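S.K.: Input structure: data-v1.txt, which contains compact mmCIF, C-alpha atoms.
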```
# COMPACT_ATOMS: atom_id res chain seq x y z
CA MET X 1 56.12 -50.33 -61.58
CA SER X 2 54.89 -48.10 -64.33
CA SER X 3 51.40 -46.78 -64.87
CA SER X 4 49.49 -46.91 -68.12
CA TYR X 5 49.49 -44.09 -70.65
CA GLU X 6 45.70 -43.80 -70.54
CA TYR X 7 45.64 -43.52 -66.75
CA VAL X 8 48.28 -40.81 -66.52
CA LEU X 9 46.70 -39.01 -69.48
CA GLY X 10 43.41 -38.85 -67.56
CA LEU X 11 45.11 -37.32 -64.52
CA GLY X 12 46.94 -34.80 -66.69
CA ASP X 13 43.80 -33.86 -68.62
CA ASP X 14 41.84 -33.30 -65.39
CA ALA X 15 44.50 -30.84 -64.23
CA LEU X 16 44.90 -29.16 -67.63
CA ILE X 17 41.20 -28.54 -68.26
CA ALA X 18 40.66 -27.42 -64.66
CA ALA X 19 43.53 -24.95 -65.12
CA GLN X 20 42.03 -23.54 -68.30
CA ARG X 21 38.59 -23.09 -66.72
CA LEU X 22 39.99 -21.42 -63.60
CA ALA X 23 42.15 -19.12 -65.73
CA GLN X 24 39.00 -17.81 -67.41
CA TRP X 25 38.34 -15.92 -64.15
CA CYS X 26 41.52 -13.92 -64.58
CA GLY X 27 40.51 -10.25 -64.53
CA ARG X 28 36.85 -11.13 -63.80
CA ALA X 29 36.77 -12.55 -60.25
CA PRO X 30 34.48 -10.94 -57.62
CA GLU X 31 37.43 -9.27 -55.87
CA LEU X 32 41.10 -8.69 -56.54
CA GLU X 33 42.35 -11.17 -53.92
CA GLU X 34 40.14 -13.87 -55.40
CA ASP X 35 41.34 -13.05 -58.88
CA VAL X 36 44.89 -13.67 -57.70
CA ALA X 37 43.84 -16.80 -55.80
CA LEU X 38 42.04 -18.44 -58.74
CA ALA X 39 44.90 -17.61 -61.11
CA ASN X 40 47.38 -19.12 -58.64
CA ILE X 41 45.31 -22.29 -58.28
CA ALA X 42 45.07 -22.49 -62.07
CA LEU X 43 48.85 -22.19 -62.25
CA ASP X 44 49.29 -25.05 -59.76
CA GLN X 45 46.95 -27.20 -61.85
CA LEU X 46 48.83 -26.27 -65.01
CA GLY X 47 52.12 -27.18 -63.36
CA ALA X 48 50.81 -30.61 -62.38
CA ALA X 49 49.30 -31.02 -65.87
CA ARG X 50 52.66 -30.34 -67.55
CA LEU X 51 54.44 -32.92 -65.40
CA LEU X 52 51.70 -35.52 -65.90
CA LEU X 53 51.32 -34.98 -69.65
CA SER X 54 55.10 -35.12 -70.16
CA PHE X 55 55.11 -38.44 -68.30
CA ALA X 56 52.12 -39.70 -70.30
CA ALA X 57 53.87 -38.82 -73.56
CA GLU X 58 56.94 -40.82 -72.50
CA LEU X 59 54.77 -43.80 -71.53
CA GLU X 60 53.09 -43.69 -74.93
CA GLY X 61 56.48 -43.61 -76.63
CA ARG X 62 55.30 -42.20 -79.92
CA GLY X 63 57.37 -39.04 -79.91
CA ARG X 64 54.69 -36.74 -78.53
CA ASP X 65 55.30 -34.28 -75.70
CA GLU X 66 53.28 -32.13 -73.28
CA ASP X 67 52.61 -29.53 -75.98
CA THR X 68 51.44 -31.90 -78.69
CA LEU X 69 49.20 -33.65 -76.17
CA ALA X 70 47.70 -30.37 -74.94
CA PHE X 71 47.35 -28.52 -78.21
CA LEU X 72 47.06 -31.07 -81.00
CA ARG X 73 44.47 -33.50 -79.73
CA ASP X 74 40.78 -33.11 -80.54
CA ASP X 75 37.97 -33.23 -77.97
CA HIS X 76 37.28 -36.98 -78.28
CA GLU X 77 40.94 -37.72 -77.50
CA PHE X 78 40.79 -36.01 -74.09
CA ARG X 79 40.35 -38.22 -71.02
CA ASN X 80 39.33 -35.70 -68.34
CA VAL X 81 36.19 -36.11 -66.22
CA LEU X 82 33.19 -34.00 -67.26
CA LEU X 83 33.23 -31.99 -64.00
CA VAL X 84 36.32 -29.99 -64.94
CA GLU X 85 35.11 -29.00 -68.43
CA LEU X 86 31.72 -27.63 -67.31
CA PRO X 87 31.46 -23.85 -67.80
CA ASN X 88 32.07 -21.47 -64.91
CA SER X 89 28.39 -20.57 -65.13
CA GLY X 90 27.33 -24.16 -64.40
CA PRO X 91 26.26 -27.30 -66.29
CA ALA X 92 23.19 -25.59 -67.77
CA GLY X 93 25.16 -22.61 -69.03
CA THR X 94 26.41 -22.04 -72.52
CA GLY X 95 29.79 -20.76 -71.35
CA ALA X 96 29.09 -17.35 -72.88
CA GLU X 97 27.51 -15.83 -69.75
CA PRO X 98 29.52 -14.48 -66.80
CA GLY X 99 30.89 -17.07 -64.39
CA ASP X 100 29.05 -18.02 -61.21
CA PHE X 101 31.54 -17.93 -58.35
CA ALA X 102 29.55 -20.50 -56.34
CA VAL X 103 29.84 -22.94 -59.26
CA THR X 104 33.60 -22.47 -59.42
CA ILE X 105 33.93 -23.02 -55.66
CA ALA X 106 31.77 -26.17 -55.77
CA LYS X 107 33.80 -27.53 -58.70
CA LEU X 108 37.03 -26.76 -56.88
CA LEU X 109 35.77 -28.36 -53.66
CA PHE X 110 34.85 -31.57 -55.49
CA LEU X 111 38.02 -31.69 -57.58
CA ALA X 112 40.47 -30.75 -54.80
CA ALA X 113 38.93 -33.30 -52.40
CA HIS X 114 39.53 -35.93 -55.09
CA GLN X 115 43.04 -34.76 -55.95
CA VAL X 116 44.20 -34.59 -52.31
CA GLU X 117 43.11 -38.20 -51.77
CA LEU X 118 44.53 -39.33 -55.13
CA TYR X 119 47.91 -37.60 -54.78
CA HIS X 120 48.30 -38.82 -51.17
CA ARG X 121 47.96 -42.38 -52.41
CA LEU X 122 50.11 -41.95 -55.49
CA ALA X 123 52.86 -40.31 -53.40
CA ALA X 124 53.11 -43.56 -51.43
CA GLY X 125 52.56 -45.75 -54.47
CA PRO X 126 54.86 -48.03 -56.46
CA ASP X 127 55.32 -45.79 -59.52
CA GLU X 128 58.31 -43.60 -58.58
CA ARG X 129 57.74 -40.97 -61.24
CA LEU X 130 54.08 -40.54 -60.31
CA ALA X 131 55.03 -40.56 -56.62
CA ALA X 132 57.42 -37.62 -57.14
CA ILE X 133 54.82 -35.62 -59.09
CA ALA X 134 52.11 -36.42 -56.53
CA ALA X 135 54.29 -35.60 -53.51
CA LYS X 136 54.64 -32.11 -54.91
CA ALA X 137 51.05 -31.70 -56.05
CA VAL X 138 49.46 -32.97 -52.83
CA LYS X 139 50.71 -29.96 -50.88
CA GLU X 140 49.21 -27.64 -53.48
CA SER X 141 45.90 -29.54 -53.65
CA THR X 142 45.59 -29.43 -49.86
CA TYR X 143 45.80 -25.65 -50.07
CA HIS X 144 43.15 -25.63 -52.84
CA LEU X 145 40.81 -27.79 -50.77
CA ASP X 146 41.33 -25.50 -47.81
CA HIS X 147 40.47 -22.49 -49.96
CA ALA X 148 37.36 -24.10 -51.46
CA THR X 149 36.22 -25.20 -48.00
CA LEU X 150 36.60 -21.69 -46.56
CA TRP X 151 34.48 -20.24 -49.37
CA THR X 152 31.88 -23.01 -49.20
CA VAL X 153 31.42 -22.26 -45.50
CA ARG X 154 31.42 -18.50 -46.01
CA LEU X 155 28.84 -18.61 -48.81
CA GLY X 156 26.72 -21.44 -47.37
CA ASP X 157 26.66 -19.82 -43.94
CA GLY X 158 26.36 -16.29 -45.34
CA THR X 159 23.36 -14.38 -46.64
CA GLU X 160 20.15 -15.88 -47.97
CA LEU X 161 21.31 -15.16 -51.51
CA SER X 162 24.81 -16.61 -51.10
CA ARG X 163 23.37 -19.69 -49.41
CA THR X 164 20.78 -20.24 -52.15
CA ARG X 165 23.38 -19.94 -54.88
CA MET X 166 25.95 -22.15 -53.12
CA GLN X 167 23.32 -24.83 -52.53
CA ALA X 168 22.24 -24.63 -56.19
CA ALA X 169 25.83 -25.08 -57.32
CA ILE X 170 26.35 -28.08 -55.04
CA ASP X 171 23.06 -29.62 -56.25
CA ASP X 172 23.80 -29.05 -59.95
CA LEU X 173 27.33 -30.47 -59.78
CA TRP X 174 26.74 -33.35 -57.36
CA PRO X 175 25.85 -35.92 -60.07
CA TYR X 176 29.08 -35.14 -61.94
CA ALA X 177 31.23 -36.02 -58.91
CA HIS X 178 30.44 -39.74 -59.29
CA GLU X 179 32.71 -39.94 -62.31
CA LEU X 180 35.71 -38.91 -60.16
CA HIS X 181 35.79 -42.28 -58.41
CA GLN X 182 34.33 -44.46 -61.10
CA ASP X 183 37.55 -46.44 -61.46
CA GLY X 184 37.48 -47.20 -57.72
CA ALA X 185 40.92 -45.62 -57.27
CA ALA X 186 41.90 -42.99 -54.70
CA GLY X 187 39.92 -44.60 -51.89
CA GLY X 188 36.70 -44.41 -53.85
CA ARG X 189 33.69 -42.36 -52.93
CA GLU X 190 33.95 -42.90 -49.17
CA ALA X 191 37.34 -41.21 -48.95
CA TRP X 192 36.08 -38.35 -51.13
CA LEU X 193 32.93 -37.87 -49.05
CA ALA X 194 35.02 -37.74 -45.89
CA ARG X 195 36.74 -34.64 -47.29
CA VAL X 196 33.67 -32.96 -48.83
CA ALA X 197 31.02 -33.63 -46.16
CA PRO X 198 32.69 -31.55 -43.39
CA ALA X 199 32.45 -28.42 -45.56
CA LEU X 200 28.75 -29.07 -46.13
CA VAL X 201 28.07 -29.75 -42.45
CA GLU X 202 30.01 -26.68 -41.34
CA SER X 203 28.21 -24.43 -43.82
CA GLY X 204 24.76 -25.83 -43.09
CA LEU X 205 24.34 -26.79 -46.72
CA GLU X 206 22.33 -29.87 -47.55
CA ARG X 207 24.07 -32.89 -48.96
CA PRO X 208 22.18 -33.84 -52.14
CA ALA X 209 20.80 -37.34 -52.53
CA ASP X 210 22.70 -39.66 -54.83
CA GLY X 211 20.40 -39.95 -57.81
CA ALA X 212 20.48 -42.45 -60.63
CA TRP X 213 21.62 -39.81 -63.14
CA ARG X 214 25.41 -39.92 -63.08
CA PRO X 215 26.83 -38.37 -66.23
CA ASP X 216 30.14 -39.87 -67.33
CA GLY X 217 32.11 -40.86 -70.41
CA GLY X 218 34.97 -38.37 -70.08
CA ARG X 219 37.53 -41.11 -69.44
CA HIS X 220 36.48 -42.68 -72.74
CA GLY X 221 36.52 -39.46 -74.75
CA ARG X 222 32.76 -38.80 -74.65
CA HIS X 223 32.47 -35.18 -73.58
CA THR X 224 29.98 -32.33 -73.34
CA GLU X 225 30.08 -29.74 -76.08
CA HIS X 226 31.65 -27.36 -73.56
CA LEU X 227 35.03 -29.06 -73.95
CA SER X 228 35.08 -28.34 -77.70
CA TYR X 229 34.68 -24.60 -77.13
CA LEU X 230 37.25 -24.64 -74.34
CA LEU X 231 39.78 -26.42 -76.56
CA ALA X 232 39.12 -24.08 -79.47
CA GLU X 233 40.15 -21.17 -77.27
CA MET X 234 43.06 -22.96 -75.62
CA GLN X 235 44.54 -24.39 -78.83
CA VAL X 236 43.96 -21.64 -81.39
CA VAL X 237 47.33 -19.89 -81.12
CA HIS X 238 49.34 -23.10 -81.16
CA ARG X 239 47.45 -24.41 -84.18
CA ALA X 240 47.65 -21.09 -86.05
CA HIS X 241 51.41 -20.97 -85.57
CA PRO X 242 52.63 -24.55 -85.52
CA GLU X 243 56.25 -25.02 -84.41
CA ALA X 244 56.44 -21.38 -83.25
CA ARG X 245 59.08 -20.72 -80.59
CA TRP X 246 59.29 -17.84 -78.11
CA MET K 1 94.11 -19.27 -71.00
CA VAL K 2 90.95 -18.49 -69.03
CA ALA K 3 90.90 -19.96 -65.55
CA LEU K 4 87.75 -22.01 -64.94
CA ALA K 5 85.70 -20.78 -62.03
CA ASP K 6 84.13 -23.31 -59.67
CA PRO K 7 80.90 -24.34 -61.42
CA TYR K 8 79.01 -24.69 -58.12
CA GLN K 9 79.89 -21.16 -57.06
CA ALA K 10 78.79 -19.83 -60.45
CA ALA K 11 75.43 -21.63 -60.32
CA ALA K 12 74.86 -20.82 -56.66
CA ALA K 13 75.22 -17.09 -57.31
CA VAL K 14 72.29 -17.02 -59.77
CA VAL K 15 69.57 -14.76 -58.38
CA ASP K 16 65.96 -15.97 -58.22
CA PRO K 17 64.05 -13.98 -60.86
CA GLU K 18 60.97 -13.48 -58.68
CA LEU K 19 62.54 -13.11 -55.23
CA GLN K 20 65.41 -11.02 -56.45
CA VAL K 21 67.11 -10.65 -53.08
CA VAL K 22 68.04 -14.31 -52.72
CA THR K 23 70.11 -16.70 -54.82
CA ILE K 24 68.81 -20.06 -56.00
CA ALA K 25 71.18 -21.72 -53.51
CA GLU K 26 69.78 -19.68 -50.63
CA LEU K 27 66.25 -20.53 -51.75
CA GLY K 28 67.14 -24.22 -51.74
CA ILE K 29 66.15 -24.91 -55.34
CA LEU K 30 69.71 -25.61 -56.51
CA ARG K 31 70.02 -29.33 -55.82
CA GLY K 32 73.32 -30.27 -57.38
CA VAL K 33 76.18 -29.29 -59.68
CA GLU K 34 78.22 -32.11 -61.16
CA ARG K 35 80.87 -32.42 -63.80
CA ASP K 36 79.93 -34.66 -66.69
CA GLY K 37 82.91 -35.25 -68.96
CA ASP K 38 83.89 -31.79 -70.15
CA GLY K 39 80.43 -30.39 -69.30
CA VAL K 40 78.45 -29.54 -66.21
CA VAL K 41 75.07 -30.89 -65.12
CA VAL K 42 73.04 -28.62 -62.85
CA THR K 43 69.96 -29.98 -61.04
CA ILE K 44 67.26 -27.59 -59.93
CA THR K 45 63.82 -28.23 -58.40
CA PRO K 46 60.69 -26.08 -58.62
CA THR K 47 59.17 -24.45 -55.55
CA TYR K 48 55.64 -25.05 -56.86
CA SER K 49 54.74 -27.42 -59.75
CA GLY K 50 53.70 -24.53 -61.95
CA CYS K 51 56.48 -22.11 -61.02
CA PRO K 52 56.77 -19.93 -64.14
CA ALA K 53 60.28 -18.79 -63.20
CA MET K 54 61.85 -22.16 -64.02
CA ASP K 55 62.60 -21.32 -67.65
CA THR K 56 64.28 -18.06 -66.68
CA ILE K 57 66.29 -19.79 -63.94
CA ARG K 58 67.41 -22.44 -66.43
CA SER K 59 68.68 -19.88 -68.93
CA ASP K 60 70.26 -17.76 -66.15
CA VAL K 61 72.16 -20.82 -64.90
CA VAL K 62 73.44 -21.61 -68.38
CA ALA K 63 74.52 -17.99 -68.91
CA ALA K 64 76.26 -17.81 -65.51
CA LEU K 65 78.22 -20.99 -66.15
CA ARG K 66 79.23 -19.82 -69.61
CA ARG K 67 80.60 -16.64 -68.10
CA ALA K 68 82.52 -18.82 -65.64
CA GLY K 69 84.12 -20.70 -68.52
CA HIS K 70 81.82 -23.70 -68.76
CA PRO K 71 80.20 -23.64 -72.22
CA ARG K 72 78.71 -27.13 -72.02
CA VAL K 73 75.91 -26.98 -69.46
CA ARG K 74 72.86 -29.16 -69.04
CA VAL K 75 70.15 -28.09 -66.58
CA VAL K 76 67.88 -30.89 -65.37
CA THR K 77 64.80 -30.62 -63.19
CA GLY K 78 64.51 -32.99 -60.23
CA LEU K 79 61.18 -33.39 -58.42
CA HIS K 80 62.21 -35.78 -55.69
CA PRO K 81 62.49 -34.99 -52.87
CA ALA K 82 59.95 -32.19 -53.15
CA TRP K 83 61.16 -28.71 -52.22
CA THR K 84 60.12 -27.38 -48.86
CA THR K 85 60.59 -23.98 -47.27
CA ASP K 86 62.87 -25.71 -44.72
CA TRP K 87 65.53 -25.65 -47.44
CA ILE K 88 65.75 -21.86 -47.42
CA THR K 89 69.05 -21.05 -45.72
CA GLU K 90 69.40 -18.77 -42.70
CA ALA K 91 71.12 -16.21 -44.92
CA GLY K 92 68.22 -16.46 -47.35
CA ARG K 93 65.68 -15.91 -44.58
CA ALA K 94 67.53 -12.86 -43.33
CA LYS K 95 67.68 -11.37 -46.83
CA LEU K 96 63.96 -11.98 -47.40
CA ALA K 97 63.08 -10.30 -44.11
CA ALA K 98 65.36 -7.34 -44.92
CA ALA K 99 63.50 -6.96 -48.22
CA GLY K 100 60.14 -6.83 -46.43
CA ILE K 101 59.11 -10.43 -47.16
CA ALA K 102 58.31 -12.32 -43.96
CA PRO K 103 60.19 -15.65 -44.13
CA PRO K 104 58.31 -18.93 -43.61
CA GLY K 105 57.88 -20.46 -40.19
CA GLU K 106 57.58 -24.14 -39.30
CA ARG K 107 55.57 -26.23 -41.72
CA GLU K 108 52.31 -27.68 -40.47
CA ASP K 109 53.40 -31.20 -41.37
CA ARG K 110 56.46 -30.77 -39.14
CA ALA K 111 54.36 -30.06 -36.09
CA SER K 112 54.34 -32.52 -33.19
CA ALA K 113 52.56 -35.85 -33.59
CA SER K 114 49.54 -34.81 -31.53
CA GLU K 115 49.26 -31.50 -33.37
CA ARG K 116 49.55 -33.40 -36.61
CA ARG K 117 46.69 -35.70 -35.64
CA THR K 118 44.63 -32.66 -34.78
CA ALA K 119 45.49 -31.08 -38.09
CA VAL K 120 44.47 -34.23 -39.96
CA ALA K 121 41.22 -34.56 -38.00
CA ASN K 122 40.42 -30.94 -38.70
CA GLU K 123 41.70 -30.81 -42.24
CA GLY K 124 39.33 -28.72 -44.27
CA ARG K 125 37.13 -28.00 -41.26
CA PRO K 126 38.03 -24.52 -40.17
CA GLY K 127 36.42 -23.40 -36.94
CA ARG K 128 34.84 -26.77 -36.30
CA ILE K 129 32.95 -26.74 -33.06
CA GLY K 130 34.30 -29.13 -30.44
CA GLY K 131 37.62 -30.93 -30.46
CA PRO K 132 41.06 -29.39 -30.68
CA VAL K 133 41.53 -26.44 -32.99
CA PRO K 134 44.73 -26.28 -35.04
CA LEU K 135 46.60 -23.03 -34.51
CA ARG K 136 48.92 -21.41 -36.95
CA LEU K 137 51.85 -19.47 -35.54
CA THR K 138 51.59 -15.81 -36.23
CA VAL K 139 53.76 -14.11 -38.81
CA ARG K 140 55.85 -11.22 -37.55
CA CYS K 141 55.85 -7.95 -39.46
CA PRO K 142 59.19 -7.77 -41.30
CA ARG K 143 59.23 -3.98 -40.89
CA CYS K 144 58.42 -3.33 -37.22
CA GLY K 145 58.59 -6.85 -35.80
CA ALA K 146 55.08 -6.77 -34.35
CA ALA K 147 53.24 -10.04 -33.88
CA GLU K 148 49.87 -8.32 -34.35
CA THR K 149 49.43 -9.17 -38.01
CA GLU K 150 46.61 -10.52 -40.13
CA GLU K 151 46.31 -12.39 -43.38
CA LEU K 152 44.72 -10.33 -46.16
CA SER K 153 44.88 -12.93 -48.89
CA ARG K 154 46.00 -16.54 -48.88
CA PHE K 155 47.48 -16.02 -52.33
CA GLY K 156 49.93 -13.33 -53.37
CA SER K 157 51.89 -12.07 -56.34
CA THR K 158 53.54 -15.47 -56.77
CA SER K 159 52.44 -19.00 -55.80
CA CYS K 160 54.89 -19.08 -52.91
CA LYS K 161 53.62 -15.94 -51.18
CA ALA K 162 50.55 -14.72 -49.25
CA LEU K 163 49.55 -11.15 -48.51
CA TRP K 164 49.56 -9.97 -44.88
CA ARG K 165 49.14 -6.69 -43.02
CA CYS K 166 50.66 -5.42 -39.81
CA ARG K 167 48.09 -4.03 -37.40
CA ARG K 168 50.70 -1.99 -35.53
CA CYS K 169 52.50 -0.17 -38.33
CA ALA K 170 49.59 -0.72 -40.76
CA GLU K 171 51.93 -1.72 -43.60
CA PRO K 172 50.96 -4.58 -45.89
CA PHE K 173 53.70 -7.12 -46.50
CA GLU K 174 54.31 -10.40 -48.29
CA HIS K 175 54.87 -13.67 -46.50
CA LEU K 176 56.60 -16.67 -47.99
CA LYS K 177 54.22 -19.46 -47.02
CA ALA K 178 55.53 -22.42 -45.02
CA PHE K 179 55.22 -25.23 -47.52
```
Let's see the structure in the file written out as structure tokens.
M.R.:
Amino acid sequence: MSSSYEYVLGLGDDALIAAQRLAQWCGRAPELEEDVALANIALDQLGAARLLLSFAAELEGRGRDEDTLAFLRDDHEFRNVLLVELPNSGPAGTGAEPGDFAVTIAKLLFLAAHQVELYHRLAAGPDERLAAIAAKAVKESTYHLDHATLWTVRLGDGTELSRTRMQAAIDDLWPYAHELHQDGAAGGREAWLARVAPALVESGLERPADGAWRPDGGRHGRHTEHLSYLLAEMQVVHRAHPEARW
Amino acid sequence: MVALADPYQAAAAVVDPELQVVTIAELGILRGVERDGDGVVVTITPTYSGCPAMDTIRSDVVAALRRAGHPRVRVVTGLHPAWTTDWITEAGRAKLAAAGIAPPGEREDRASASERRTAVANEGRPGRIGGPVPLRLTVRCPRCGAAETEELSRFGSTSCKALWRCRRCAEPFEHLKAF
């Protein structure tokens, strides 16, 4: 059984945009080990993105490939969830200010919890190509979730300042997590909560209430303005030198 | 006339560009070498999805086979089954250790059924109070062999490695993560 182009494109775009955001920490993380960690996680996401976008391009069958999908689409053609495109400084940021590490950890916690569940299911699913990609990615995502959980606990159960900032990041990003399971796939919200809640309990952080405001639209190409700036930076070299080869 | 060398031997001797003490065969990422008409098809698999060494490995394989008298080479990437550190050969492990890189131990998902259940129950809940606590086997220092070691960073210079330190000889070392 084969999946749809739009579906696989969404998975690939989630990984690609998450990779680009995480890579923005390179050389700027709070400590050297974390700099290396975030760059490594970004690389894992980029690896999964390349495999997924290559597959999506084949499903579409219009002669595109991973590069044309990544570099030659405009913002409204991307199908990632809003969570991954939000700036490292948080949803209220402009993207120009320094990143907030608590925001990055909260985003990673939410995304990795989703991806672990998703890839577990796809690895056992009927689409053989997706199953092979997912079987590889699930091991990496499990490590990401582990990393995000460790930091959530350390910051949430740390000083007054670290706790305040970690709680603020969780609160600010919580509404965006609803979009992750909007299509009901990957076990839905229950399965996701089962992976996120333990980190909150362990760290003593409060689980935000589920409000009525649940921003979405990413899967239909309706994005925040943050994606446009991100793409401008990510795509500029490719567009300035079309067809260039190393 | 140039005698054709065995294409498998030629591909197997290619050295991993990031772990330069082991070959791609010893690392377990060389998955197959087959003749295809008058050409050769080599199948490799990445360690991690985003392994940036794949392009270099591809071109190194092509170059090695050309030198061995096989000008028509196609390198394909296979994802299934996914690479695991269990595929690193004994010779590969010994070479890694000799180079100061602690080889991987048993993977967590290969642990016994009860341990596995514990690991699942505790997944993402480090130090949870109550209930069984999953233990990771220690990593021995590749220099002095001491078991008194500690993890400095869960991520290292490449995706496949973590940074550790020996508390006895005080030397930092890299560890190829069980994966």
S.K.: Which residues come within 8 Å of segment 165-178 of chain K, counting all atoms listed in the file, excluding same-chain residues fewer than 2 positions away, as a short mmCIF file (atom, residue, chain, number, x, y, z; two decimals) with C-alpha atoms, in the coordinates of the input?
M.R.:
```
data_model
loop_
_atom_site.label_atom_id
_atom_site.label_comp_id
_atom_site.auth_asym_id
_atom_site.auth_seq_id
_atom_site.Cartn_x
_atom_site.Cartn_y
_atom_site.Cartn_z
CA THR K 84 60.12 -27.38 -48.86
CA THR K 85 60.59 -23.98 -47.27
CA GLY K 100 60.14 -6.83 -46.43
CA ILE K 101 59.11 -10.43 -47.16
CA ALA K 102 58.31 -12.32 -43.96
CA PRO K 103 60.19 -15.65 -44.13
CA PRO K 104 58.31 -18.93 -43.61
CA GLY K 105 57.88 -20.46 -40.19
CA GLU K 106 57.58 -24.14 -39.30
CA ARG K 107 55.57 -26.23 -41.72
CA GLU K 108 52.31 -27.68 -40.47
CA VAL K 139 53.76 -14.11 -38.81
CA CYS K 141 55.85 -7.95 -39.46
CA PRO K 142 59.19 -7.77 -41.30
CA CYS K 144 58.42 -3.33 -37.22
CA ALA K 146 55.08 -6.77 -34.35
CA ALA K 147 53.24 -10.04 -33.88
CA GLU K 148 49.87 -8.32 -34.35
CA THR K 149 49.43 -9.17 -38.01
CA GLU K 150 46.61 -10.52 -40.13
CA GLU K 151 46.31 -12.39 -43.38
CA LEU K 152 44.72 -10.33 -46.16
CA GLY K 156 49.93 -13.33 -53.37
CA CYS K 160 54.89 -19.08 -52.91
CA LYS K 161 53.62 -15.94 -51.18
CA ALA K 162 50.55 -14.72 -49.25
CA LEU K 163 49.55 -11.15 -48.51
#
```
S.K.: Report as JSON lines: every residue of chain K with an atom at most 6 Å from chain X, its closest pair of atoms, and their distance in Å to one decimal, counting only C-alpha atoms, with rows sorted by chain and ascending residue number.
M.R.:
```
{"residue": "K:Ser49", "atom": "CA", "partner": "X:Gly47", "partner_atom": "CA", "distance": 4.5}
{"residue": "K:Gly50", "atom": "CA", "partner": "X:Gly47", "partner_atom": "CA", "distance": 3.4}
{"residue": "K:Leu79", "atom": "CA", "partner": "X:Ala132", "partner_atom": "CA", "distance": 5.8}
{"residue": "K:His80", "atom": "CA", "partner": "X:Ala132", "partner_atom": "CA", "distance": 5.3}
{"residue": "K:Ala82", "atom": "CA", "partner": "X:Lys136", "partner_atom": "CA", "distance": 5.6}
{"residue": "K:Gly124", "atom": "CA", "partner": "X:Asp146", "partner_atom": "CA", "distance": 5.2}
{"residue": "K:Ser153", "atom": "CA", "partner": "X:Glu33", "partner_atom": "CA", "distance": 5.9}
{"residue": "K:Phe155", "atom": "CA", "partner": "X:Ala37", "partner_atom": "CA", "distance": 5.1}
{"residue": "K:Ser159", "atom": "CA", "partner": "X:Asn40", "partner_atom": "CA", "distance": 5.8}
```
S.K.: So the first atom is atom CA of Ala92 of chain X and the second is atom CA of Met234 of chain X; what is the distance between them in Å, to one decimal place?
M.R.: 21.5 Å
S.K.: Taking 5 positions as the minimum chain separation for residues in the same chain, which residues sit within 12 Å of Trp246 of chain X when counting all atoms listed in the file? Answer as a ChimeraX atom specification.
M.R.: /X:238,241 /K:55
S.K.: Mind giving me the straight-line distance from atom CA of Gly69 of chain K to atom CA of Leu4 of chain K in Å, one decimal?
M.R.: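 Rounded to one decimal, the two atoms are 5.3 Å apart.
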S.K.: I'd like the interatomic distance between atom CA of Ala123 of chain X and atom CA of Gly63 of chain X, to a tenth of an Å.
M.R.: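 These atoms are spaced 26.9 Å apart.
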S.K.: As a list in words, please: the residues near Val42 of chain K (cut-off 10 Å, only C-alpha atoms, same-chain neighbours under 6 positions excluded).
M.R.: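 The filter keeps Pro7, Tyr8, Ala11, Leu30, Arg31, Gly32, Val33, Glu34, Arg35, Asp36, Arg58, Val61, Val62, Leu65, Val73, Arg74, Val75, Val76, Thr77 and Gly78 of chain K.
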S.K.: Taking 6 positions as the minimum chain separation for residues in the same chain, which residues sit within 7 Å of segment 70-81 of chain X when counting all atoms listed in the file? Answer as a ChimeraX atom specification.
M.R.: /X:9-10,13-14,179-180,218-223,227-228,235,238
S.K.: Which residues are near Ala57 of chain X? Cut-off 10 Å, only C-alpha atoms, ignore same chain within fewer than 2 positions. Put them as a list of chain:residue names.
M.R.: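 In the requested form, the answer reads X:Tyr5, X:Val8, X:Leu9, X:Leu52, X:Leu53, X:Ser54, X:Phe55, X:Leu59, X:Glu60, X:Gly61, X:Arg62, X:Gly63, X:Arg64, X:Asp65, X:Glu66, X:Asp67, X:Thr68, X:Leu69.
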S.K.: With all atoms listed in the file as the atoms that count, which of K:Asp38, K:Asp6, K:Glu18, K:Glu26 lies nearest to Ala64 of chain K?
M.R.: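 Closest residue, counting all atoms listed in the file: K:Asp6.
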